[in-house]
Amino acid sequence: MNYEPPVGLLCPSIVTSNNGPTLSRVVAGMWRMGAWNLTPQQRLTLIKRCMALGVTSFDHADIYGDYGVEALFGEALALQPSLRARMQLVSKCGIKLVSPARPGHTIQHYDTSAAHITASVEQSLKALGTDYLDLLLIHRPDPLMDFDEIAGTFSRLRLQGKVRHFGVSNFSRHQFECLNRRVPLATNQVECSPLHVAPLFDDTFDGLQDQGVRPMVWSPLAGGRLFNGGDAAGERVRAVVQRIADELQQPFASVVFAWIMQLPSRPLPLTGSGRIDAIVDAVRATQFSLSRSQWFEILRAARGHEVA
Amino acid sequence: MNYEPPVGLLCPSIVTSNNGPTLSRVVAGMWRMGAWNLTPQQRLTLIKRCMALGVTSFDHADIYGDYGVEALFGEALALQPSLRARMQLVSKCGIKLVSPARPGHTIQHYDTSAAHITASVEQSLKALGTDYLDLLLIHRPDPLMDFDEIAGTFSRLRLQGKVRHFGVSNFSRHQFECLNRRVPLATNQVECSPLHVAPLFDDTFDGLQDQGVRPMVWSPLAGGRLFNGGDAAGERVRAVVQRIADELQQPFASVVFAWIMQLPSRPLPLTGSGRIDAIVDAVRATQFSLSRSQWFEILRAARGHEVA
Amino acid sequence: MNYEPPVGLLCPSIVTSNNGPTLSRVVAGMWRMGAWNLTPQQRLTLIKRCMALGVTSFDHADIYGDYGVEALFGEALALQPSLRARMQLVSKCGIKLVSPARPGHTIQHYDTSAAHITASVEQSLKALGTDYLDLLLIHRPDPLMDFDEIAGTFSRLRLQGKVRHFGVSNFSRHQFECLNRRVPLATNQVECSPLHVAPLFDDTFDGLQDQGVRPMVWSPLAGGRLFNGGDAAGERVRAVVQRIADELQQPFASVVFAWIMQLPSRPLPLTGSGRIDAIVDAVRATQFSLSRSQWFEILRAARGHEVA
């Protein structure tokens, strides 16, 4: 199959919420950038290829690559700083990893205090070589989080021009709404794939649709398990997706991305690959949709039973 | 035991919600009508007997009897069309069954699009031989449902005079509230019986009580398992219900219906039988109530443990 | 280790909610008072020692001690009635126990009817020898509870001057909010300890924080299982708490109380002991806090895994 970008293939953009940021519908996840072993120039080439496809939003976190990915990206961006104004940078904070890069950490834990959020943003800005983030997410719901303190911190960061929009990640529906009552949230980035359908049924996506907020979705391909996982659900889904891919004459991965984007909450899926072909597959999925029957065939394969 | 309707036994009516429809407290479920093997005249007789008891509300769905029950009912109603104005017709849509009656369906799935809801209503009206439904329910929560699209479709159907009130079925508390914020819902029809007490404890009934909305209840007798099921919970409940029936000198089934109607959300239970005696038993339950001790004896038998 | 109250140790007070009562941050639970085998004078001495520590709030329920604790407390209070004005009395109702003291009860069940709440309050006032309660809680969520009826009953009791503030116990987040919409609730008293972390993750504490309501916490020491329980979680938590207690040079129990009070919903833990030393340990916990790393070490021990 030929993965060359079709002439004119361009990823559409989407506003994530009322007064929220405009992101590309497919977001390039930089999580694994450290493992791609690219030179700064190769990283820049990848970034420019993404942007040429309309994939202008890049997803980061302070902790990715053992606290290293943001600096790798910033190093590439420094080779062509004019790109910054045409891209959107997303980052996250709130997890503290045990890491050689953070010798003070003795246990993996959360910190959503004003002091840590502020310090983490400063560090992200420095590493990325930019003076603002388009979107900052609290990485995980913290049992010690104080909603008012987080909201106040977000407001200060916005006033200082350091972060333009705010959101959360891996929050429950109720946790999202608690914070969203205090400061408008632009998204909730959660895991979803045919092998992780929980947010379709646990109020997460219903709640975001209700609030007019688009989720971001991590691991839409189930971390690769859709391609080669050996469990029963993985095998069932793989066979059905392949059949539908053949019917629609679309790449396998594109069918999965389309399945997710068809949800009424209108998710923005993340890619996780450094191969431009994989990102092209995701963008192709913005150009077609599944029939309702095809959509439910994948759901049935995922759950192992028909809808009631 | 003598199941003849006591002289003067009359089922009360109830308004299901603020500005909602007035239904009979006991609703006659037509789900199994196809299996009753009745002539049109016999069906008419059953309908008239129900109505003489005050059971004026009849519960349908597009799919019941393999897409056939509405037409069976309509055929009977056509024999005496003046009954229409004195009865309330409830129907549902949103499920697509694999069926000889719908050769285009290749997988059981949901469809809550404007196009399908509208087409299903038109088909229900035609089959029932009426120009309006009193109440239309979305049959199951659909992971692809768009709350705004459903609300808009409901509003159009109301303006066109085709459906007077709207509701849902089998929705979670949160799903109900998402749609209810957009268009006032008259009910949520859910499963409940002493062998299915989930809605008492999962926010469903609390949420409906909170919103001033009465649930409808399907399978109040657990599909017959209360009479003859062999599992431990069924046996425990059967023994306790029988003892209380003896104490109160009421039929066994009446005790179960009373147990459900005593809930503070004030449910409207459905019958599922074509025997008028069974419907009489349900109506009898509107005339008495259990003591709190009796009510909790049935709950204890259902759950196998005392309240904390 | 020396458990004598440090000179000047004084428990702070806290307002439980907007317009709610001011209670001592540590609340003296009277649940087991019947088992302490104290003379009226000894009970008075304990009450006075608590109050000298700033522990001015005493937690009761109609049913404690087989319907006997309130009278034991009232008997002591009658020896020095001037204490009443400087203490806060909390009681509960809604459970009916099978008990020689209540020969009419044939099954343990709930009763949240206006009649029962009112009668139970009257009985509590009489037993305690006071003409008002500072705070009345519904003891358990009742599947037969009528939110409007409870709210109306609370309003009448307040107008009559018999109860000043109202709350609930063991309610889910949603149940709390249903009643709180009708009458302002001052607290939700729930179980929480390192061996029962459910309210940190099931919306209970998030919801109370969101509403600006402080929880009360029963069994903060897991009913003693933290000291000597033999299960794996108990052993893990015990070892970690002991290490942190050594690091901080604080008593073991104080570390557990501090761990709970550090939650952002700002819980008021209950003591359950008749030993003043145990109450001193709880009050000590108001004077220090754990580092975030220490806090998450206890959470990790409790759950057996790190945060994600």
# chains A, B, ... in the order shown; residues from 1 in each chain; ligands from 1

$ closest_atom_pairs --of "chain C" --to "chain B" --cutoff "10 Å" --atoms "only C-alpha atoms" --output "Markdown table"
| residue | atom | partner | partner_atom | distance |
| --- | --- | --- | --- | --- |
| C:Ile95 | CA | B:Ala308 | CA | 8.7 |
| C:Lys96 | CA | B:Ser293 | CA | 9.8 |
| C:His105 | CA | B:Ser293 | CA | 8.0 |
| C:Thr106 | CA | B:Ser293 | CA | 7.1 |
| C:Ile107 | CA | B:Ser293 | CA | 6.3 |
| C:Gln108 | CA | B:Glu306 | CA | 6.8 |
| C:His109 | CA | B:Phe296 | CA | 6.2 |
| C:Tyr110 | CA | B:Val307 | CA | 7.9 |
| C:Asp111 | CA | B:Arg292 | CA | 7.5 |
| C:His139 | CA | B:Ala308 | CA | 10.0 |
| C:Arg140 | CA | B:Ala308 | CA | 7.9 |
| C:Pro141 | CA | B:Phe201 | CA | 9.4 |
| C:Asp142 | CA | B:Val307 | CA | 9.2 |
| C:Pro143 | CA | B:Leu200 | CA | 6.1 |
| C:Leu144 | CA | B:Leu263 | CA | 5.7 |
| C:Met145 | CA | B:Pro264 | CA | 6.5 |
| C:Asp146 | CA | B:Pro264 | CA | 5.6 |
| C:Phe147 | CA | B:Asp210 | CA | 7.4 |
| C:Asp148 | CA | B:Asp210 | CA | 8.9 |
| C:Ser172 | CA | B:Asp203 | CA | 8.8 |
| C:Arg173 | CA | B:Asp203 | CA | 9.7 |
| C:His174 | CA | B:Asp203 | CA | 6.9 |
| C:Gln175 | CA | B:Asp206 | CA | 6.9 |
| C:Glu177 | CA | B:Asp210 | CA | 9.3 |
| C:Cys178 | CA | B:Asp210 | CA | 5.9 |
| C:Leu179 | CA | B:Asp210 | CA | 8.3 |
| C:Arg181 | CA | B:Asp210 | CA | 9.0 |
| C:Arg182 | CA | B:Asp210 | CA | 9.5 |

$ write_last_selection --atoms "N, CA, C and O atoms" --output "tab-separated table (two decimals), in the first residue's frame"
chain	number	residue	atom	x	y	z
C	95	ILE	N	-31.62	4.93	61.13
C	95	ILE	CA	-31.49	3.48	61.20
C	95	ILE	C	-32.40	2.99	62.32
C	95	ILE	O	-32.47	3.61	63.38
C	96	LYS	N	-33.08	1.89	62.06
C	96	LYS	CA	-33.84	1.23	63.13
C	96	LYS	C	-33.22	-0.14	63.37
C	96	LYS	O	-33.21	-1.00	62.49
C	105	HIS	N	-39.20	-3.39	66.65
C	105	HIS	CA	-38.42	-3.56	65.42
C	105	HIS	C	-38.18	-5.03	65.14
C	105	HIS	O	-37.60	-5.74	65.96
C	106	THR	N	-38.57	-5.50	63.96
C	106	THR	CA	-38.43	-6.91	63.62
C	106	THR	C	-37.33	-7.16	62.60
C	106	THR	O	-36.97	-8.30	62.33
C	107	ILE	N	-36.82	-6.09	62.00
C	107	ILE	CA	-35.75	-6.23	61.02
C	107	ILE	C	-34.94	-4.92	61.04
C	107	ILE	O	-35.51	-3.84	61.24
C	108	GLN	N	-33.63	-5.01	60.88
C	108	GLN	CA	-32.83	-3.80	60.79
C	108	GLN	C	-33.19	-3.08	59.49
C	108	GLN	O	-33.10	-3.66	58.41
C	109	HIS	N	-33.64	-1.83	59.61
C	109	HIS	CA	-34.02	-1.12	58.40
C	109	HIS	C	-33.86	0.38	58.60
C	109	HIS	O	-33.42	0.84	59.65
C	110	TYR	N	-34.16	1.12	57.56
C	110	TYR	CA	-34.03	2.57	57.60
C	110	TYR	C	-35.42	3.20	57.69
C	110	TYR	O	-36.41	2.64	57.23
C	111	ASP	N	-35.45	4.37	58.28
C	111	ASP	CA	-36.69	5.15	58.29
C	111	ASP	C	-36.30	6.62	58.29
C	111	ASP	O	-35.77	7.13	59.28
C	139	HIS	N	-28.28	9.03	58.96
C	139	HIS	CA	-27.18	8.09	59.21
C	139	HIS	C	-26.75	7.30	57.96
C	139	HIS	O	-25.56	7.03	57.78
C	140	ARG	N	-27.70	6.91	57.13
C	140	ARG	CA	-27.40	6.12	55.93
C	140	ARG	C	-28.36	6.55	54.82
C	140	ARG	O	-29.51	6.89	55.10
C	141	PRO	N	-27.93	6.48	53.58
C	141	PRO	CA	-28.88	6.77	52.49
C	141	PRO	C	-29.93	5.67	52.43
C	141	PRO	O	-29.61	4.48	52.41
C	142	ASP	N	-31.17	6.07	52.40
C	142	ASP	CA	-32.32	5.17	52.50
C	142	ASP	C	-32.95	5.06	51.11
C	142	ASP	O	-33.32	6.08	50.53
C	143	PRO	N	-33.07	3.85	50.57
C	143	PRO	CA	-33.71	3.76	49.24
C	143	PRO	C	-35.14	4.29	49.22
C	143	PRO	O	-35.66	4.59	48.15
C	144	LEU	N	-35.74	4.43	50.39
C	144	LEU	CA	-37.10	5.00	50.45
C	144	LEU	C	-37.09	6.48	50.84
C	144	LEU	O	-38.15	7.05	51.09
C	145	MET	N	-35.92	7.11	50.88
C	145	MET	CA	-35.93	8.51	51.33
C	145	MET	C	-36.54	9.42	50.27
C	145	MET	O	-36.29	9.29	49.08
C	146	ASP	N	-37.32	10.36	50.76
C	146	ASP	CA	-37.93	11.39	49.92
C	146	ASP	C	-37.20	12.69	50.22
C	146	ASP	O	-37.29	13.22	51.33
C	147	PHE	N	-36.46	13.18	49.22
C	147	PHE	CA	-35.61	14.35	49.46
C	147	PHE	C	-36.43	15.54	49.98
C	147	PHE	O	-36.01	16.25	50.90
C	148	ASP	N	-37.58	15.76	49.38
C	148	ASP	CA	-38.40	16.91	49.80
C	148	ASP	C	-38.90	16.74	51.23
C	148	ASP	O	-38.94	17.70	51.99
C	172	SER	N	-23.53	9.01	48.95
C	172	SER	CA	-22.71	9.20	47.76
C	172	SER	C	-22.68	10.68	47.41
C	172	SER	O	-23.48	11.48	47.90
C	173	ARG	N	-21.78	11.04	46.53
C	173	ARG	CA	-21.67	12.42	46.08
C	173	ARG	C	-23.02	12.90	45.51
C	173	ARG	O	-23.49	13.99	45.84
C	174	HIS	N	-23.62	12.09	44.68
C	174	HIS	CA	-24.87	12.51	44.04
C	174	HIS	C	-26.01	12.61	45.04
C	174	HIS	O	-26.82	13.54	45.00
C	175	GLN	N	-26.09	11.66	45.97
C	175	GLN	CA	-27.14	11.72	46.99
C	175	GLN	C	-26.98	12.98	47.84
C	175	GLN	O	-27.97	13.66	48.17
C	177	GLU	N	-25.71	15.79	46.92
C	177	GLU	CA	-26.10	16.98	46.16
C	177	GLU	C	-27.61	17.07	45.96
C	177	GLU	O	-28.17	18.16	45.93
C	178	CYS	N	-28.27	15.93	45.84
C	178	CYS	CA	-29.74	15.94	45.71
C	178	CYS	C	-30.37	16.60	46.94
C	178	CYS	O	-31.27	17.44	46.81
C	179	LEU	N	-29.94	16.24	48.12
C	179	LEU	CA	-30.52	16.81	49.33
C	179	LEU	C	-30.00	18.23	49.57
C	179	LEU	O	-30.76	19.12	50.00
C	181	ARG	N	-29.36	20.44	47.45
C	181	ARG	CA	-30.09	21.40	46.63
C	181	ARG	C	-31.35	21.89	47.32
C	181	ARG	O	-31.87	22.94	46.99
C	182	ARG	N	-31.86	21.09	48.26
C	182	ARG	CA	-33.13	21.41	48.90
C	182	ARG	C	-32.97	22.07	50.25
C	182	ARG	O	-33.81	22.84	50.70

$ residues_around --residues "Ser13 of chain A" --least-positions-apart "3" --cutoff "7 Å" --atoms "only C-alpha atoms" --output "PyMOL selection string"
chain A and resi 22-25

$ write_last_selection --atoms "N, CA, C and O atoms" --output "PDB file, in the first residue's frame"
ATOM      1  N   THR A  22      -7.614  26.688  18.815  1.00  0.00           N
ATOM      2  CA  THR A  22      -7.789  25.971  17.556  1.00  0.00           C
ATOM      3  C   THR A  22      -6.587  25.053  17.380  1.00  0.00           C
ATOM      4  O   THR A  22      -5.451  25.514  17.327  1.00  0.00           O
ATOM      5  N   LEU A  23      -6.861  23.747  17.357  1.00  0.00           N
ATOM      6  CA  LEU A  23      -5.792  22.763  17.178  1.00  0.00           C
ATOM      7  C   LEU A  23      -6.030  22.006  15.874  1.00  0.00           C
ATOM      8  O   LEU A  23      -7.133  22.038  15.317  1.00  0.00           O
ATOM      9  N   SER A  24      -4.990  21.346  15.401  1.00  0.00           N
ATOM     10  CA  SER A  24      -5.220  20.447  14.271  1.00  0.00           C
ATOM     11  C   SER A  24      -5.993  19.233  14.783  1.00  0.00           C
ATOM     12  O   SER A  24      -5.786  18.782  15.917  1.00  0.00           O
ATOM     13  N   ARG A  25      -6.908  18.716  13.948  1.00  0.00           N
ATOM     14  CA  ARG A  25      -7.753  17.602  14.386  1.00  0.00           C
ATOM     15  C   ARG A  25      -6.902  16.407  14.806  1.00  0.00           C
ATOM     16  O   ARG A  25      -7.228  15.715  15.783  1.00  0.00           O
TER      17      ARG A  25
END

$ closest_residue --among "A:Pro194, A:Arg225, A:Ala302, A:Val213" --to "Trp259 of chain A" --atoms "only C-alpha atoms"
A:Pro194

$ closest_residue --among "B:Ser219, B:Asn18, B:Ser124, B:Ser57" --to "Ser273 of chain B" --atoms "only C-alpha atoms"
B:Ser219

$ residues_around --residues "segment 162-168 of chain A" --least-positions-apart "5" --cutoff "10 Å" --atoms "only C-alpha atoms" --output "PyMOL selection string"
chain A and resi 19-21+89-93+118+121-122+125+130-141+151+154-157+175-176+179-180+183-190+215-216

$ select_by_dssp --residues "segment 59-308 of chain C" --states "strand (DSSP E)" --output "PyMOL selection string"
chain C and resi 59+88-93+95-96+109-110+133-138+163-169+188-191+216-218+268-271

$ select_by_dssp --residues "segment 119-212 of chain A" --states "helix (DSSP H, G or I)" --output "PyMOL selection string"
chain A and resi 119-128+147-159+173-180+198-201+204-211

$ residues_around --residues "Pro40 of chain B" --least-positions-apart "2" --cutoff "7 Å" --atoms "only C-alpha atoms" --output "PyMOL selection string"
chain B and resi 38+42-44+75-76

$ write_last_selection --atoms "all heavy atoms" --output "PDB file, in the first residue's frame"
ATOM      1  N   LEU B  38     -53.670 -13.747  19.338  1.00  0.00           N
ATOM      2  CA  LEU B  38     -55.051 -13.284  19.472  1.00  0.00           C
ATOM      3  C   LEU B  38     -55.577 -12.790  18.124  1.00  0.00           C
ATOM      4  O   LEU B  38     -54.815 -12.280  17.302  1.00  0.00           O
ATOM      5  CB  LEU B  38     -55.128 -12.135  20.479  1.00  0.00           C
ATOM      6  CG  LEU B  38     -54.598 -12.416  21.896  1.00  0.00           C
ATOM      7  CD1 LEU B  38     -54.680 -11.150  22.753  1.00  0.00           C
ATOM      8  CD2 LEU B  38     -55.375 -13.549  22.542  1.00  0.00           C
ATOM      9  N   GLN B  42     -60.081 -10.218  19.612  1.00  0.00           N
ATOM     10  CA  GLN B  42     -59.585 -10.548  20.957  1.00  0.00           C
ATOM     11  C   GLN B  42     -58.626  -9.473  21.474  1.00  0.00           C
ATOM     12  O   GLN B  42     -58.631  -9.135  22.652  1.00  0.00           O
ATOM     13  CB  GLN B  42     -58.884 -11.912  20.928  1.00  0.00           C
ATOM     14  CG  GLN B  42     -59.858 -13.091  20.806  1.00  0.00           C
ATOM     15  CD  GLN B  42     -59.136 -14.412  20.584  1.00  0.00           C
ATOM     16  OE1 GLN B  42     -58.140 -14.465  19.840  1.00  0.00           O
ATOM     17  NE2 GLN B  42     -59.638 -15.474  21.194  1.00  0.00           N
ATOM     18  N   ARG B  43     -57.787  -8.971  20.558  1.00  0.00           N
ATOM     19  CA  ARG B  43     -56.883  -7.896  20.965  1.00  0.00           C
ATOM     20  C   ARG B  43     -57.679  -6.662  21.403  1.00  0.00           C
ATOM     21  O   ARG B  43     -57.375  -6.041  22.417  1.00  0.00           O
ATOM     22  CB  ARG B  43     -55.953  -7.515  19.796  1.00  0.00           C
ATOM     23  CG  ARG B  43     -54.786  -8.455  19.626  1.00  0.00           C
ATOM     24  CD  ARG B  43     -53.973  -8.109  18.360  1.00  0.00           C
ATOM     25  NE  ARG B  43     -54.029  -9.203  17.407  1.00  0.00           N
ATOM     26  CZ  ARG B  43     -54.085  -9.084  16.089  1.00  0.00           C
ATOM     27  NH1 ARG B  43     -54.073  -7.877  15.517  1.00  0.00           N
ATOM     28  NH2 ARG B  43     -54.146 -10.147  15.321  1.00  0.00           N
ATOM     29  N   LEU B  44     -58.718  -6.346  20.642  1.00  0.00           N
ATOM     30  CA  LEU B  44     -59.554  -5.204  21.008  1.00  0.00           C
ATOM     31  C   LEU B  44     -60.192  -5.421  22.377  1.00  0.00           C
ATOM     32  O   LEU B  44     -60.254  -4.507  23.216  1.00  0.00           O
ATOM     33  CB  LEU B  44     -60.650  -4.983  19.951  1.00  0.00           C
ATOM     34  CG  LEU B  44     -61.622  -3.846  20.258  1.00  0.00           C
ATOM     35  CD1 LEU B  44     -60.898  -2.506  20.290  1.00  0.00           C
ATOM     36  CD2 LEU B  44     -62.757  -3.822  19.231  1.00  0.00           C
ATOM     37  N   GLU B  75     -54.252  -2.734  14.171  1.00  0.00           N
ATOM     38  CA  GLU B  75     -55.325  -3.488  13.529  1.00  0.00           C
ATOM     39  C   GLU B  75     -56.537  -3.596  14.475  1.00  0.00           C
ATOM     40  O   GLU B  75     -57.699  -3.468  14.055  1.00  0.00           O
ATOM     41  CB  GLU B  75     -54.781  -4.874  13.185  1.00  0.00           C
ATOM     42  CG  GLU B  75     -55.627  -5.701  12.254  1.00  0.00           C
ATOM     43  CD  GLU B  75     -54.998  -7.086  12.009  1.00  0.00           C
ATOM     44  OE1 GLU B  75     -54.046  -7.460  12.751  1.00  0.00           O
ATOM     45  OE2 GLU B  75     -55.454  -7.782  11.099  1.00  0.00           O
ATOM     46  N   ALA B  76     -56.253  -3.815  15.762  1.00  0.00           N
ATOM     47  CA  ALA B  76     -57.340  -3.908  16.745  1.00  0.00           C
ATOM     48  C   ALA B  76     -57.975  -2.539  16.976  1.00  0.00           C
ATOM     49  O   ALA B  76     -59.212  -2.398  17.013  1.00  0.00           O
ATOM     50  CB  ALA B  76     -56.809  -4.470  18.067  1.00  0.00           C
TER      51      ALA B  76
END

$ residues_around --residues "segment 220-222 of chain B" --least-positions-apart "6" --cutoff "12 Å" --atoms "only C-alpha atoms" --output "ChimeraX atom specification"
/B:26-27,29,189-197,228-229,233-234,237-238,241,252-261,267-273,278,281-282,302
